[in-house]
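Data from entry-v8.csv: CSV, C-alpha atoms
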chain,number,residue,atom,x,y,z
A,1,MET,CA,28.7,-13.6,-2.9
A,2,THR,CA,27.0,-13.5,0.5
A,3,HIS,CA,28.0,-16.1,3.0
A,4,HIS,CA,25.8,-17.3,5.8
A,5,ARG,CA,25.8,-20.1,8.3
A,6,PRO,CA,23.4,-22.8,7.4
A,7,ALA,CA,21.3,-24.2,10.3
A,8,THR,CA,22.0,-27.8,9.4
A,9,ALA,CA,24.3,-29.8,7.1
A,10,GLU,CA,21.4,-30.6,4.7
A,11,ALA,CA,20.6,-27.0,4.4
A,12,ALA,CA,24.1,-26.1,3.1
A,13,ASP,CA,23.2,-26.3,-0.5
A,14,ALA,CA,20.1,-24.3,0.1
A,15,ALA,CA,22.3,-21.4,1.0
A,16,SER,CA,22.0,-19.8,-2.4
A,17,TRP,CA,18.2,-19.9,-3.0
A,18,PRO,CA,17.7,-16.3,-1.6
A,19,GLU,CA,20.4,-15.2,-4.0
A,20,HIS,CA,18.6,-16.9,-6.8
A,21,ILE,CA,15.5,-14.9,-6.0
A,22,TYR,CA,17.5,-11.7,-5.8
A,23,GLY,CA,18.8,-12.5,-9.3
A,24,VAL,CA,15.3,-12.9,-10.6
A,25,LEU,CA,14.1,-9.7,-9.0
A,26,LYS,CA,17.0,-7.8,-10.7
A,27,GLN,CA,16.3,-9.6,-14.0
A,28,TYR,CA,12.7,-8.4,-13.9
A,29,ASP,CA,13.6,-4.9,-12.8
A,30,VAL,CA,11.8,-5.1,-9.5
A,31,ARG,CA,12.1,-1.7,-7.9
A,32,GLN,CA,10.0,-1.9,-4.7
A,33,VAL,CA,10.4,-4.8,-2.3
A,34,ALA,CA,7.8,-4.7,0.5
A,35,TYR,CA,8.2,-7.0,3.4
A,36,VAL,CA,7.2,-7.8,6.9
A,37,PRO,CA,10.4,-9.0,8.6
A,38,ASP,CA,10.7,-12.8,8.4
A,39,GLY,CA,13.4,-15.2,9.3
A,40,GLY,CA,13.0,-17.2,6.0
A,41,HIS,CA,13.4,-14.0,3.9
A,42,ALA,CA,16.1,-12.5,6.2
A,43,GLU,CA,19.0,-13.0,3.7
A,44,LEU,CA,17.0,-11.7,0.8
A,45,ILE,CA,15.8,-8.7,2.8
A,46,ARG,CA,19.5,-7.9,3.7
A,47,ARG,CA,20.5,-8.2,0.0
A,48,VAL,CA,17.7,-5.9,-1.1
A,49,GLN,CA,18.5,-3.3,1.7
A,50,GLY,CA,22.0,-3.2,0.4
A,51,ASP,CA,20.9,-2.4,-3.2
A,52,PRO,CA,20.5,1.3,-4.0
A,53,GLY,CA,18.5,0.3,-7.1
A,54,ILE,CA,15.7,-1.3,-5.0
A,55,ARG,CA,13.5,0.5,-2.5
A,56,ALA,CA,13.0,-1.8,0.5
A,57,VAL,CA,9.8,-1.0,2.3
A,58,ALA,CA,9.2,-2.4,5.8
A,59,LEU,CA,5.5,-2.8,6.5
A,60,THR,CA,3.6,-3.0,9.8
A,61,THR,CA,1.2,-5.5,8.3
A,62,GLU,CA,1.1,-7.5,5.1
A,63,GLU,CA,-1.9,-5.9,3.5
A,64,GLU,CA,-0.1,-2.6,3.4
A,65,GLY,CA,2.2,-4.2,0.9
A,66,VAL,CA,-0.7,-5.2,-1.4
A,67,ALA,CA,-1.8,-1.6,-1.6
A,68,LEU,CA,1.7,-0.3,-1.8
A,69,LEU,CA,2.5,-2.4,-4.8
A,70,ALA,CA,-0.8,-1.4,-6.5
A,71,GLY,CA,0.5,2.2,-6.3
A,72,ALA,CA,3.9,1.2,-7.5
A,73,TRP,CA,2.3,-0.4,-10.6
A,74,LEU,CA,0.1,2.6,-11.2
A,75,GLY,CA,3.3,4.7,-11.3
A,76,GLY,CA,5.1,2.2,-13.6
A,77,GLN,CA,7.3,0.3,-11.1
A,78,ARG,CA,7.4,-3.4,-10.5
A,79,GLY,CA,7.3,-4.6,-6.9
A,80,VAL,CA,7.3,-7.8,-4.9
A,81,LEU,CA,5.7,-8.6,-1.5
A,82,LEU,CA,7.7,-10.8,0.9
A,83,MET,CA,5.9,-12.4,3.8
A,84,GLN,CA,5.4,-15.4,5.9
A,85,SER,CA,2.4,-17.7,5.5
A,86,SER,CA,0.7,-16.2,8.6
A,87,GLY,CA,0.5,-12.9,6.7
A,88,VAL,CA,-1.5,-14.2,3.8
A,89,GLY,CA,-4.8,-14.2,5.7
A,90,ASN,CA,-4.2,-10.5,6.6
A,91,CYS,CA,-4.2,-9.7,2.9
A,92,VAL,CA,-7.5,-11.1,1.8
A,93,ASN,CA,-9.7,-8.1,1.6
A,94,MET,CA,-6.9,-5.9,0.2
A,95,LEU,CA,-6.5,-8.4,-2.6
A,96,SER,CA,-9.9,-7.1,-3.9
A,97,LEU,CA,-7.8,-4.2,-5.2
A,98,VAL,CA,-5.6,-6.6,-7.2
A,99,LYS,CA,-8.6,-8.5,-8.6
A,100,THR,CA,-10.8,-5.5,-9.4
A,101,CYS,CA,-8.0,-3.4,-11.0
A,102,ARG,CA,-6.3,-6.5,-12.5
A,103,LEU,CA,-2.9,-5.8,-11.0
A,104,PRO,CA,0.1,-8.0,-11.4
A,105,LEU,CA,0.9,-8.9,-7.8
A,106,LEU,CA,4.0,-11.0,-7.1
A,107,ALA,CA,4.1,-12.4,-3.6
A,108,LEU,CA,6.9,-14.7,-2.2
A,109,VAL,CA,5.7,-16.5,0.9
A,110,THR,CA,7.9,-18.5,3.3
A,111,MET,CA,5.9,-21.3,4.8
A,112,ARG,CA,5.4,-22.0,8.4
A,113,GLY,CA,3.1,-24.6,9.9
A,114,GLU,CA,3.7,-27.4,7.4
A,115,TRP,CA,7.0,-29.2,8.0
A,116,GLY,CA,8.3,-30.1,11.5
A,117,GLU,CA,6.4,-27.1,13.0
A,118,PHE,CA,6.7,-26.9,16.8
A,119,ASN,CA,4.3,-24.1,17.2
A,120,PRO,CA,0.6,-25.2,16.6
A,121,TRP,CA,-0.5,-21.5,16.2
A,122,GLN,CA,1.3,-21.5,12.8
A,123,VAL,CA,-0.6,-24.5,11.5
A,124,PRO,CA,-4.1,-23.1,10.8
A,125,MET,CA,-2.9,-20.4,8.4
A,126,GLY,CA,0.1,-22.4,7.1
A,127,SER,CA,-2.3,-25.2,6.1
A,128,THR,CA,-4.7,-22.9,4.3
A,129,THR,CA,-2.2,-20.4,2.7
A,130,ALA,CA,-2.7,-21.6,-0.9
A,131,ASP,CA,-6.5,-21.7,-0.4
A,132,ALA,CA,-6.6,-18.1,0.9
A,133,PHE,CA,-4.8,-16.9,-2.2
A,134,ARG,CA,-7.0,-18.9,-4.5
A,135,LEU,CA,-10.1,-17.4,-2.8
A,136,MET,CA,-9.0,-14.1,-4.3
A,137,ASP,CA,-7.9,-15.6,-7.7
A,138,VAL,CA,-4.2,-15.3,-7.0
A,139,GLY,CA,-2.4,-18.1,-8.7
A,140,VAL,CA,-0.1,-20.3,-6.6
A,141,LEU,CA,3.2,-21.9,-7.5
A,142,ARG,CA,5.3,-23.8,-5.0
A,143,ALA,CA,9.0,-24.6,-4.5
A,144,ASP,CA,10.0,-27.4,-2.2
A,145,VAL,CA,13.7,-27.8,-3.0
A,146,PRO,CA,16.4,-25.1,-3.4
A,147,GLU,CA,17.2,-26.1,-7.0
A,148,VAL,CA,13.8,-25.0,-8.3
A,149,VAL,CA,13.4,-21.8,-6.4
A,150,GLY,CA,15.0,-19.5,-9.0
A,151,ALA,CA,13.0,-21.0,-11.9
A,152,THR,CA,9.8,-21.0,-10.0
A,153,VAL,CA,10.1,-17.3,-9.0
A,154,ALA,CA,11.1,-16.5,-12.6
A,155,ALA,CA,8.0,-18.2,-13.8
A,156,ALA,CA,5.8,-16.3,-11.3
A,157,ALA,CA,7.4,-13.0,-12.2
A,158,ARG,CA,6.7,-13.6,-15.9
A,159,MET,CA,3.1,-14.5,-15.2
A,160,ALA,CA,2.7,-11.4,-13.1
A,161,PHE,CA,4.6,-8.7,-14.9
A,162,GLU,CA,4.3,-9.9,-18.5
A,163,GLY,CA,1.0,-11.8,-18.2
A,164,GLY,CA,-0.8,-9.6,-15.7
A,165,SER,CA,-1.8,-12.5,-13.5
A,166,ALA,CA,-1.5,-12.1,-9.7
A,167,THR,CA,0.9,-14.9,-8.6
A,168,ALA,CA,2.3,-16.1,-5.4
A,169,VAL,CA,5.2,-18.6,-4.8
A,170,LEU,CA,5.0,-20.6,-1.6
A,171,LEU,CA,8.5,-21.4,-0.4
A,172,SER,CA,8.4,-24.7,1.5
A,173,GLN,CA,9.3,-24.8,5.2
A,174,GLN,CA,11.8,-27.5,4.1
A,175,LEU,CA,13.8,-24.7,2.4
A,176,VAL,CA,13.7,-22.5,5.4
A,177,GLY,CA,14.0,-25.2,8.1
A,178,ALA,CA,11.7,-25.7,11.1
A,179,LYS,CA,12.3,-22.9,13.6
A,180,VAL,CA,14.3,-24.0,16.6
A,181,PHE,CA,12.8,-22.6,19.8
A,182,VAL,CA,15.1,-24.2,22.4
A,183,LYS,CA,18.8,-23.7,21.6
B,184,MET,CA,-15.0,35.5,-2.2
B,185,SER,CA,-14.8,32.5,0.1
B,186,GLU,CA,-13.5,29.4,-1.6
B,187,ALA,CA,-13.3,26.8,1.1
B,188,ALA,CA,-16.2,28.1,3.1
B,189,ALA,CA,-17.2,27.3,6.7
B,190,MET,CA,-20.5,25.5,7.0
B,191,PRO,CA,-23.2,27.7,8.7
B,192,GLY,CA,-24.2,25.2,11.4
B,193,SER,CA,-20.9,23.9,12.8
B,194,GLY,CA,-18.5,26.6,11.5
B,195,LYS,CA,-16.3,23.7,10.3
B,196,LEU,CA,-15.1,23.5,6.7
B,197,ASP,CA,-17.3,22.3,3.9
B,198,ARG,CA,-15.6,19.1,2.5
B,199,ARG,CA,-16.6,19.8,-1.1
B,200,ALA,CA,-15.2,23.3,-1.0
B,201,VAL,CA,-12.0,22.0,0.6
B,202,VAL,CA,-11.4,19.3,-2.0
B,203,ALA,CA,-12.3,21.6,-4.9
B,204,ARG,CA,-9.8,24.2,-3.6
B,205,LEU,CA,-7.1,21.5,-3.1
B,206,VAL,CA,-7.3,20.4,-6.7
B,207,ARG,CA,-8.0,23.7,-8.4
B,208,ASP,CA,-4.5,24.4,-9.6
B,209,ARG,CA,-3.3,20.8,-9.6
B,210,ARG,CA,-1.0,20.7,-12.6
B,211,GLU,CA,0.8,17.3,-12.4
B,212,LEU,CA,-0.8,16.3,-9.1
B,213,VAL,CA,-2.1,12.7,-8.8
B,214,VAL,CA,-4.9,12.2,-6.3
B,215,VAL,CA,-5.9,8.9,-4.8
B,216,ALA,CA,-9.3,9.0,-2.9
B,217,SER,CA,-10.4,6.5,-0.4
B,218,LEU,CA,-13.8,4.7,-0.6
B,219,GLY,CA,-16.9,6.7,0.3
B,220,SER,CA,-17.1,10.4,0.6
B,221,PRO,CA,-13.5,11.3,-0.3
B,222,THR,CA,-14.1,9.6,-3.7
B,223,TYR,CA,-17.4,11.5,-4.2
B,224,ASP,CA,-15.7,14.7,-3.1
B,225,LEU,CA,-12.9,14.3,-5.6
B,226,ALA,CA,-15.4,13.3,-8.4
B,227,ALA,CA,-17.5,16.4,-7.6
B,228,ALA,CA,-14.5,18.6,-8.0
B,229,GLY,CA,-14.2,17.3,-11.6
B,230,ASP,CA,-13.1,14.0,-13.1
B,231,HIS,CA,-9.4,13.9,-14.2
B,232,ASP,CA,-7.1,11.3,-15.7
B,233,ARG,CA,-4.9,11.7,-12.6
B,234,ASN,CA,-7.6,10.8,-10.2
B,235,PHE,CA,-7.7,7.3,-8.8
B,236,TYR,CA,-10.9,6.4,-7.0
B,237,LEU,CA,-11.0,3.6,-4.5
B,238,TRP,CA,-14.4,1.9,-3.9
B,239,GLY,CA,-13.0,-0.7,-1.5
B,240,ALA,CA,-9.6,-1.8,-0.1
B,241,MET,CA,-10.3,0.2,3.1
B,242,GLY,CA,-7.2,1.0,4.9
B,243,GLY,CA,-5.1,0.9,1.8
B,244,ALA,CA,-5.4,4.4,0.3
B,245,ALA,CA,-2.3,5.9,1.9
B,246,MET,CA,-0.2,2.9,0.9
B,247,VAL,CA,-1.4,3.2,-2.7
B,248,GLY,CA,-0.3,6.8,-2.5
B,249,LEU,CA,3.1,5.7,-1.1
B,250,GLY,CA,3.8,3.2,-3.8
B,251,LEU,CA,2.9,5.8,-6.4
B,252,ALA,CA,5.0,8.5,-4.7
B,253,LEU,CA,8.0,6.2,-4.6
B,254,ALA,CA,7.6,5.1,-8.2
B,255,ARG,CA,7.2,8.7,-9.4
B,256,PRO,CA,9.4,10.9,-7.1
B,257,GLU,CA,9.0,13.9,-9.4
B,258,VAL,CA,5.2,13.9,-9.3
B,259,PRO,CA,3.2,15.3,-6.4
B,260,VAL,CA,0.8,12.7,-5.0
B,261,ALA,CA,-2.0,13.4,-2.6
B,262,VAL,CA,-4.2,10.9,-0.8
B,263,LEU,CA,-7.7,12.0,0.3
B,264,ALA,CA,-8.8,9.7,3.1
B,265,GLY,CA,-11.7,9.8,5.5
B,266,ASP,CA,-11.0,9.5,9.3
B,267,GLY,CA,-12.3,5.9,9.3
B,268,GLU,CA,-10.0,5.0,6.4
B,269,ALA,CA,-7.0,6.6,8.1
B,270,LEU,CA,-7.8,4.8,11.4
B,271,MET,CA,-8.0,1.4,9.6
B,272,GLY,CA,-4.6,2.1,8.0
B,273,MET,CA,-2.9,3.7,11.0
B,274,GLY,CA,0.2,1.5,10.7
B,275,GLY,CA,0.7,3.0,7.3
B,276,LEU,CA,1.7,6.3,9.0
B,277,ALA,CA,4.7,4.5,10.5
B,278,THR,CA,5.5,2.9,7.1
B,279,ILE,CA,5.3,6.4,5.4
B,280,ALA,CA,7.4,7.9,8.2
B,281,LEU,CA,10.2,5.4,7.5
B,282,GLN,CA,10.2,6.0,3.7
B,283,ARG,CA,10.0,9.9,3.9
B,284,PRO,CA,8.6,10.4,0.4
B,285,ALA,CA,8.9,14.2,-0.3
B,286,ASN,CA,6.1,14.1,-2.8
B,287,LEU,CA,3.4,12.5,-0.7
B,288,SER,CA,0.6,14.3,1.2
B,289,LEU,CA,-2.0,12.5,3.2
B,290,VAL,CA,-5.1,14.7,3.6
B,291,ILE,CA,-7.4,13.3,6.2
B,292,LEU,CA,-10.9,14.6,5.8
B,293,ASP,CA,-12.0,14.3,9.4
B,294,ASN,CA,-15.6,14.7,10.4
B,295,GLY,CA,-15.4,12.2,13.3
B,296,LEU,CA,-18.0,10.0,11.7
B,297,TYR,CA,-18.5,6.9,9.5
B,298,GLY,CA,-20.7,8.8,7.0
B,299,GLU,CA,-21.1,5.9,4.6
B,300,THR,CA,-22.6,3.5,7.2
B,301,GLY,CA,-25.1,5.8,9.0
B,302,GLY,CA,-23.0,8.4,10.8
B,303,GLN,CA,-21.6,6.3,13.7
B,304,PRO,CA,-19.0,8.3,15.6
B,305,SER,CA,-15.4,7.4,14.8
B,306,HIS,CA,-12.5,7.3,17.2
B,307,THR,CA,-11.4,10.7,16.1
B,308,GLY,CA,-14.7,12.1,17.2
B,309,ALA,CA,-14.0,10.7,20.6
B,310,GLY,CA,-10.6,12.4,20.7
B,311,VAL,CA,-8.1,10.2,18.9
B,312,ASP,CA,-5.6,12.7,17.4
B,313,LEU,CA,-4.4,11.4,14.0
B,314,ALA,CA,-2.1,14.3,13.5
B,315,GLY,CA,-0.5,13.5,16.8
B,316,VAL,CA,-0.1,9.9,15.8
B,317,ALA,CA,1.6,10.9,12.5
B,318,ALA,CA,3.9,13.2,14.4
B,319,ALA,CA,4.7,10.5,16.9
B,320,CYS,CA,5.6,8.3,14.0
B,321,GLY,CA,8.2,10.8,13.0
B,322,ILE,CA,6.4,12.8,10.2
B,323,ALA,CA,7.7,16.3,10.6
B,324,ASP,CA,4.9,18.2,8.7
B,325,CYS,CA,1.7,17.3,10.5
B,326,ARG,CA,-1.0,19.9,10.4
B,327,ILE,CA,-4.5,20.5,11.6
B,328,VAL,CA,-6.5,22.5,9.0
B,329,GLU,CA,-9.4,24.5,10.2
B,330,THR,CA,-9.5,27.7,8.2
B,331,GLU,CA,-9.7,28.8,4.6
B,332,ASP,CA,-6.1,30.2,4.8
B,333,ALA,CA,-4.8,26.9,6.0
B,334,VAL,CA,-6.7,25.1,3.1
B,335,ALA,CA,-5.0,27.5,0.6
B,336,ALA,CA,-1.6,26.8,2.2
B,337,LEU,CA,-2.3,23.0,2.0
B,338,ALA,CA,-3.3,23.3,-1.7
B,339,GLU,CA,0.1,25.0,-2.3
B,340,ARG,CA,1.9,22.2,-0.4
B,341,ILE,CA,0.2,19.2,-2.1
B,342,ARG,CA,0.8,20.3,-5.7
B,343,THR,CA,4.6,20.5,-5.2
B,344,VAL,CA,7.3,18.1,-4.2
B,345,GLY,CA,8.1,19.1,-0.6
B,346,ALA,CA,10.8,18.4,1.9
B,347,GLY,CA,9.1,15.3,3.3
B,348,PRO,CA,5.7,13.8,3.6
B,349,THR,CA,2.8,15.9,4.9
B,350,VAL,CA,-0.1,14.7,7.0
B,351,ALA,CA,-3.0,17.2,7.2
B,352,VAL,CA,-6.1,16.6,9.3
B,353,VAL,CA,-8.8,18.8,7.9
B,354,ARG,CA,-11.7,19.4,10.3
B,355,ILE,CA,-14.7,19.2,8.1
B,356,ASP,CA,-18.4,19.5,8.8
B,357,GLY,CA,-20.3,16.2,9.2
B,358,GLU,CA,-23.2,17.0,7.0
B,359,GLU,CA,-23.8,14.5,4.2
B,360,GLN,CA,-23.4,15.9,0.7
B,361,PRO,CA,-25.1,14.7,-2.5
B,362,ARG,CA,-23.3,11.6,-3.8
B,363,CYS,CA,-21.3,12.2,-7.0
B,364,LEU,CA,-20.3,8.8,-8.3
B,365,PRO,CA,-17.3,8.4,-10.6
B,366,SER,CA,-16.3,5.2,-12.5
B,367,ARG,CA,-16.2,2.0,-10.4
B,368,ASP,CA,-14.2,0.2,-13.1
B,369,GLY,CA,-10.9,-0.4,-11.3
B,370,ALA,CA,-9.1,-1.8,-14.4
B,371,ALA,CA,-10.2,1.2,-16.5
B,372,LEU,CA,-9.1,3.7,-13.8
B,373,LYS,CA,-5.7,1.9,-13.6
B,374,ALA,CA,-5.3,2.1,-17.4
B,375,ARG,CA,-6.3,5.7,-17.4
B,376,LEU,CA,-3.8,6.8,-14.7
B,377,ARG,CA,-1.0,4.7,-16.3
B,378,GLY,CA,-1.9,6.3,-19.6
B,379,ALA,CA,-1.3,9.7,-18.0
B,380,PHE,CA,2.3,8.6,-17.3
B,381,GLY,CA,2.7,7.2,-20.9
B,382,LEU,CA,2.6,3.6,-19.6
B,383,PRO,CA,0.8,0.7,-21.3
B,384,SER,CA,-2.7,0.0,-20.0
B,385,MET,CA,-1.9,-3.3,-18.1
Could you rewrite the structure in this file as structure tokens?
Amino acid sequence: MTHHRPATAEAADAASWPEHIYGVLKQYDVRQVAYVPDGGHAELIRRVQGDPGIRAVALTTEEEGVALLAGAWLGGQRGVLLMQSSGVGNCVNMLSLVKTCRLPLLALVTMRGEWGEFNPWQVPMGSTTADAFRLMDVGVLRADVPEVVGATVAAAARMAFEGGSATAVLLSQQLVGAKVFVK
Amino acid sequence: MSEAAAMPGSGKLDRRAVVARLVRDRRELVVVASLGSPTYDLAAAGDHDRNFYLWGAMGGAAMVGLGLALARPEVPVAVLAGDGEALMGMGGLATIALQRPANLSLVILDNGLYGETGGQPSHTGAGVDLAGVAAACGIADCRIVETEDAVAALAERIRTVGAGPTVAVVRIDGEEQPRCLPSRDGAALKARLRGAFGLPSM
């Protein structure tokens, strides 16, 4: 069991949601985890980096991950793309690969710009993240509270890997907590 | 007999001859080609179940190759990319450098031009050195290929699992070649390549 220090008292029972995601990734035999470093996914990224059965692939920009996971699927491996909402816009043209080739993308997106956001530069993309995915026919599920994260990610993984539907899960900023700029 | 002949005008390599030579003895080699001329070059060398042609997703070719190479470490994977494609996906060189896939080769067919859009000069034509960029990212085997012998050596490299990733910048002539158009059906190309690995079509 991994321990980490929650930012607030209310966030204490949220401590396990990254672990729930990790459990789903193992259950679905995900072998490549592509990510742009992100505070909301930090614990999951650490967990994945410590697992010799999963290849953690650090990206320089999110669309690299869309193409990487296309290649993984062509070769017979399942993958997942971890990113922040600001990265979704970067992926739009690359998602034509997913749509044209009918690839089973699974993306897990930590939200910014929607809940107690201090930084207005996060709001334009954070408020249009779901729309950006839908523009490219990526289905969107959403988890607002820690108790539903595991089940939501499992539902998305099933739709992607067994149903062949590109699916994203938006993980609410309420789960992650608003970023504190002045400590 | 010359197999990857120099073009009479520029003295640079003929792209079609280069690609034909690279895939001639391909065995298990999987080849991903970026949109535009690399896809036409690969198709002109002969269609194959282990060819995957991109008709879009510019900047993503090397990453498709990386995902494949990581999924199938026993299979040699080569990516044919134009210089414009490689420039758009330049961050991918850093990502490849960190992963160090021994079975991945990125072959940049560099004519210094955006051939598909009317021959506008690219950044490489103005001096940007993609092999230097790859080397600075930490890729140990970065080569400039300008001769038939170097093409033959590259052909040998790409059809085997090496010691680490290879990035080869092949200086090719800028002359446009007749277009050779393979399938544009991405789902069918996906199913075909997966089928070559014994995987279900979806």
Kindly determine which residues of chain B lie within 7 Å of chain A, considering all atoms listed in the file, and give the answer as a compact mmCIF listing (two decimals) with C-alpha atoms, in the coordinates of the input.
# COMPACT_ATOMS: atom_id res chain seq x y z
CA ALA B 240 -9.60 -1.80 -0.10
CA GLY B 243 -5.10 0.90 1.80
CA MET B 246 -0.20 2.90 0.90
CA VAL B 247 -1.40 3.20 -2.70
CA GLY B 248 -0.30 6.80 -2.50
CA LEU B 249 3.10 5.70 -1.10
CA GLY B 250 3.80 3.20 -3.80
CA LEU B 251 2.90 5.80 -6.40
CA ALA B 254 7.60 5.10 -8.20
CA ARG B 255 7.20 8.70 -9.40
CA GLY B 274 0.20 1.50 10.70
CA GLY B 275 0.70 3.00 7.30
CA THR B 278 5.50 2.90 7.10
CA GLY B 369 -10.90 -0.40 -11.30
CA ALA B 370 -9.10 -1.80 -14.40
CA LYS B 373 -5.70 1.90 -13.60
CA LEU B 376 -3.80 6.80 -14.70
CA ARG B 377 -1.00 4.70 -16.30
CA LEU B 382 2.60 3.60 -19.60
CA MET B 385 -1.90 -3.30 -18.10
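Nearest to Pro348 (chain B) of all the residues B:Gly242, B:Gly310, B:Gly321, B:Pro284 is B:Pro284, based on all atoms listed in the file.
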Distance in Å - CA of Ala200 (chain B) versus CA of Ala187 (chain B):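 Here the two named atoms are 4.5 Å from each other.
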Between A:Ser85, A:Pro146, A:Asp137, A:Ile45, which residue has the minimum interatomic distance to Met125 (chain A), considering all atoms listed in the file? A:Ser85
Find the residues near Cys325 (chain B): any atom within 7 Å, counting all atoms listed in the file, skip ones fewer than 6 places away on the same chain, and give them as JSON, numbers by chain. {"B": [314, 317, 318, 349, 350, 351]}
Write out, as a PDB file, keeping the file's coordinate frame, the residues just selected, with C-alpha atoms.
ATOM      1  CA  ALA B 314      -2.100  14.300  13.500  1.00  0.00           C
ATOM      2  CA  ALA B 317       1.600  10.900  12.500  1.00  0.00           C
ATOM      3  CA  ALA B 318       3.900  13.200  14.400  1.00  0.00           C
ATOM      4  CA  THR B 349       2.800  15.900   4.900  1.00  0.00           C
ATOM      5  CA  VAL B 350      -0.100  14.700   7.000  1.00  0.00           C
ATOM      6  CA  ALA B 351      -3.000  17.200   7.200  1.00  0.00           C
TER       7      ALA B 351
END
Can you fill out region 216-235 of chain B with N, CA and C atoms and hand it back as a PDB file, in the coordinates of the input?
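File produced: rebuild_6.pdb:
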ATOM      1  N   ALA B 216      -8.207   8.740  -3.909  1.00  0.00           N
ATOM      2  CA  ALA B 216      -9.300   9.000  -2.900  1.00  0.00           C
ATOM      3  C   ALA B 216      -9.755   7.682  -2.333  1.00  0.00           C
ATOM      4  N   SER B 217      -9.935   7.675  -1.032  1.00  0.00           N
ATOM      5  CA  SER B 217     -10.400   6.500  -0.400  1.00  0.00           C
ATOM      6  C   SER B 217     -11.907   6.290  -0.594  1.00  0.00           C
ATOM      7  N   LEU B 218     -12.362   5.073  -0.341  1.00  0.00           N
ATOM      8  CA  LEU B 218     -13.800   4.700  -0.600  1.00  0.00           C
ATOM      9  C   LEU B 218     -14.709   5.651   0.198  1.00  0.00           C
ATOM     10  N   GLY B 219     -15.900   5.840  -0.360  1.00  0.00           N
ATOM     11  CA  GLY B 219     -16.900   6.700   0.300  1.00  0.00           C
ATOM     12  C   GLY B 219     -16.759   8.121  -0.054  1.00  0.00           C
ATOM     13  N   SER B 220     -17.022   8.961   0.919  1.00  0.00           N
ATOM     14  CA  SER B 220     -17.100  10.400   0.600  1.00  0.00           C
ATOM     15  C   SER B 220     -15.914  11.029  -0.025  1.00  0.00           C
ATOM     16  N   PRO B 221     -14.668  10.660   0.352  1.00  0.00           N
ATOM     17  CA  PRO B 221     -13.500  11.300  -0.300  1.00  0.00           C
ATOM     18  C   PRO B 221     -13.574  11.049  -1.858  1.00  0.00           C
ATOM     19  N   THR B 222     -13.984   9.838  -2.252  1.00  0.00           N
ATOM     20  CA  THR B 222     -14.100   9.600  -3.700  1.00  0.00           C
ATOM     21  C   THR B 222     -15.209  10.434  -4.308  1.00  0.00           C
ATOM     22  N   TYR B 223     -16.337  10.600  -3.612  1.00  0.00           N
ATOM     23  CA  TYR B 223     -17.400  11.500  -4.200  1.00  0.00           C
ATOM     24  C   TYR B 223     -16.963  12.919  -4.209  1.00  0.00           C
ATOM     25  N   ASP B 224     -16.224  13.335  -3.175  1.00  0.00           N
ATOM     26  CA  ASP B 224     -15.700  14.700  -3.100  1.00  0.00           C
ATOM     27  C   ASP B 224     -14.809  15.010  -4.313  1.00  0.00           C
ATOM     28  N   LEU B 225     -13.917  14.056  -4.555  1.00  0.00           N
ATOM     29  CA  LEU B 225     -12.900  14.300  -5.600  1.00  0.00           C
ATOM     30  C   LEU B 225     -13.645  14.272  -6.993  1.00  0.00           C
ATOM     31  N   ALA B 226     -14.603  13.356  -7.160  1.00  0.00           N
ATOM     32  CA  ALA B 226     -15.400  13.300  -8.400  1.00  0.00           C
ATOM     33  C   ALA B 226     -16.147  14.627  -8.595  1.00  0.00           C
ATOM     34  N   ALA B 227     -16.712  15.140  -7.497  1.00  0.00           N
ATOM     35  CA  ALA B 227     -17.500  16.400  -7.600  1.00  0.00           C
ATOM     36  C   ALA B 227     -16.660  17.572  -7.964  1.00  0.00           C
ATOM     37  N   ALA B 228     -15.376  17.498  -7.642  1.00  0.00           N
ATOM     38  CA  ALA B 228     -14.500  18.600  -8.000  1.00  0.00           C
ATOM     39  C   ALA B 228     -14.105  18.539  -9.494  1.00  0.00           C
ATOM     40  N   GLY B 229     -14.491  17.464 -10.167  1.00  0.00           N
ATOM     41  CA  GLY B 229     -14.200  17.300 -11.600  1.00  0.00           C
ATOM     42  C   GLY B 229     -13.347  16.107 -11.857  1.00  0.00           C
ATOM     43  N   ASP B 230     -13.829  15.259 -12.773  1.00  0.00           N
ATOM     44  CA  ASP B 230     -13.100  14.000 -13.100  1.00  0.00           C
ATOM     45  C   ASP B 230     -11.754  14.445 -13.787  1.00  0.00           C
ATOM     46  N   HIS B 231     -10.750  13.582 -13.652  1.00  0.00           N
ATOM     47  CA  HIS B 231      -9.400  13.900 -14.200  1.00  0.00           C
ATOM     48  C   HIS B 231      -8.664  12.610 -14.394  1.00  0.00           C
ATOM     49  N   ASP B 232      -7.843  12.561 -15.436  1.00  0.00           N
ATOM     50  CA  ASP B 232      -7.100  11.300 -15.700  1.00  0.00           C
ATOM     51  C   ASP B 232      -6.142  10.981 -14.547  1.00  0.00           C
ATOM     52  N   ARG B 233      -5.754  11.956 -13.776  1.00  0.00           N
ATOM     53  CA  ARG B 233      -4.900  11.700 -12.600  1.00  0.00           C
ATOM     54  C   ARG B 233      -5.598  11.511 -11.332  1.00  0.00           C
ATOM     55  N   ASN B 234      -6.900  11.246 -11.417  1.00  0.00           N
ATOM     56  CA  ASN B 234      -7.600  10.800 -10.200  1.00  0.00           C
ATOM     57  C   ASN B 234      -7.726   9.322 -10.191  1.00  0.00           C
ATOM     58  N   PHE B 235      -7.509   8.752  -9.012  1.00  0.00           N
ATOM     59  CA  PHE B 235      -7.700   7.300  -8.800  1.00  0.00           C
ATOM     60  C   PHE B 235      -8.645   7.103  -7.672  1.00  0.00           C
TER      61      PHE B 235
END
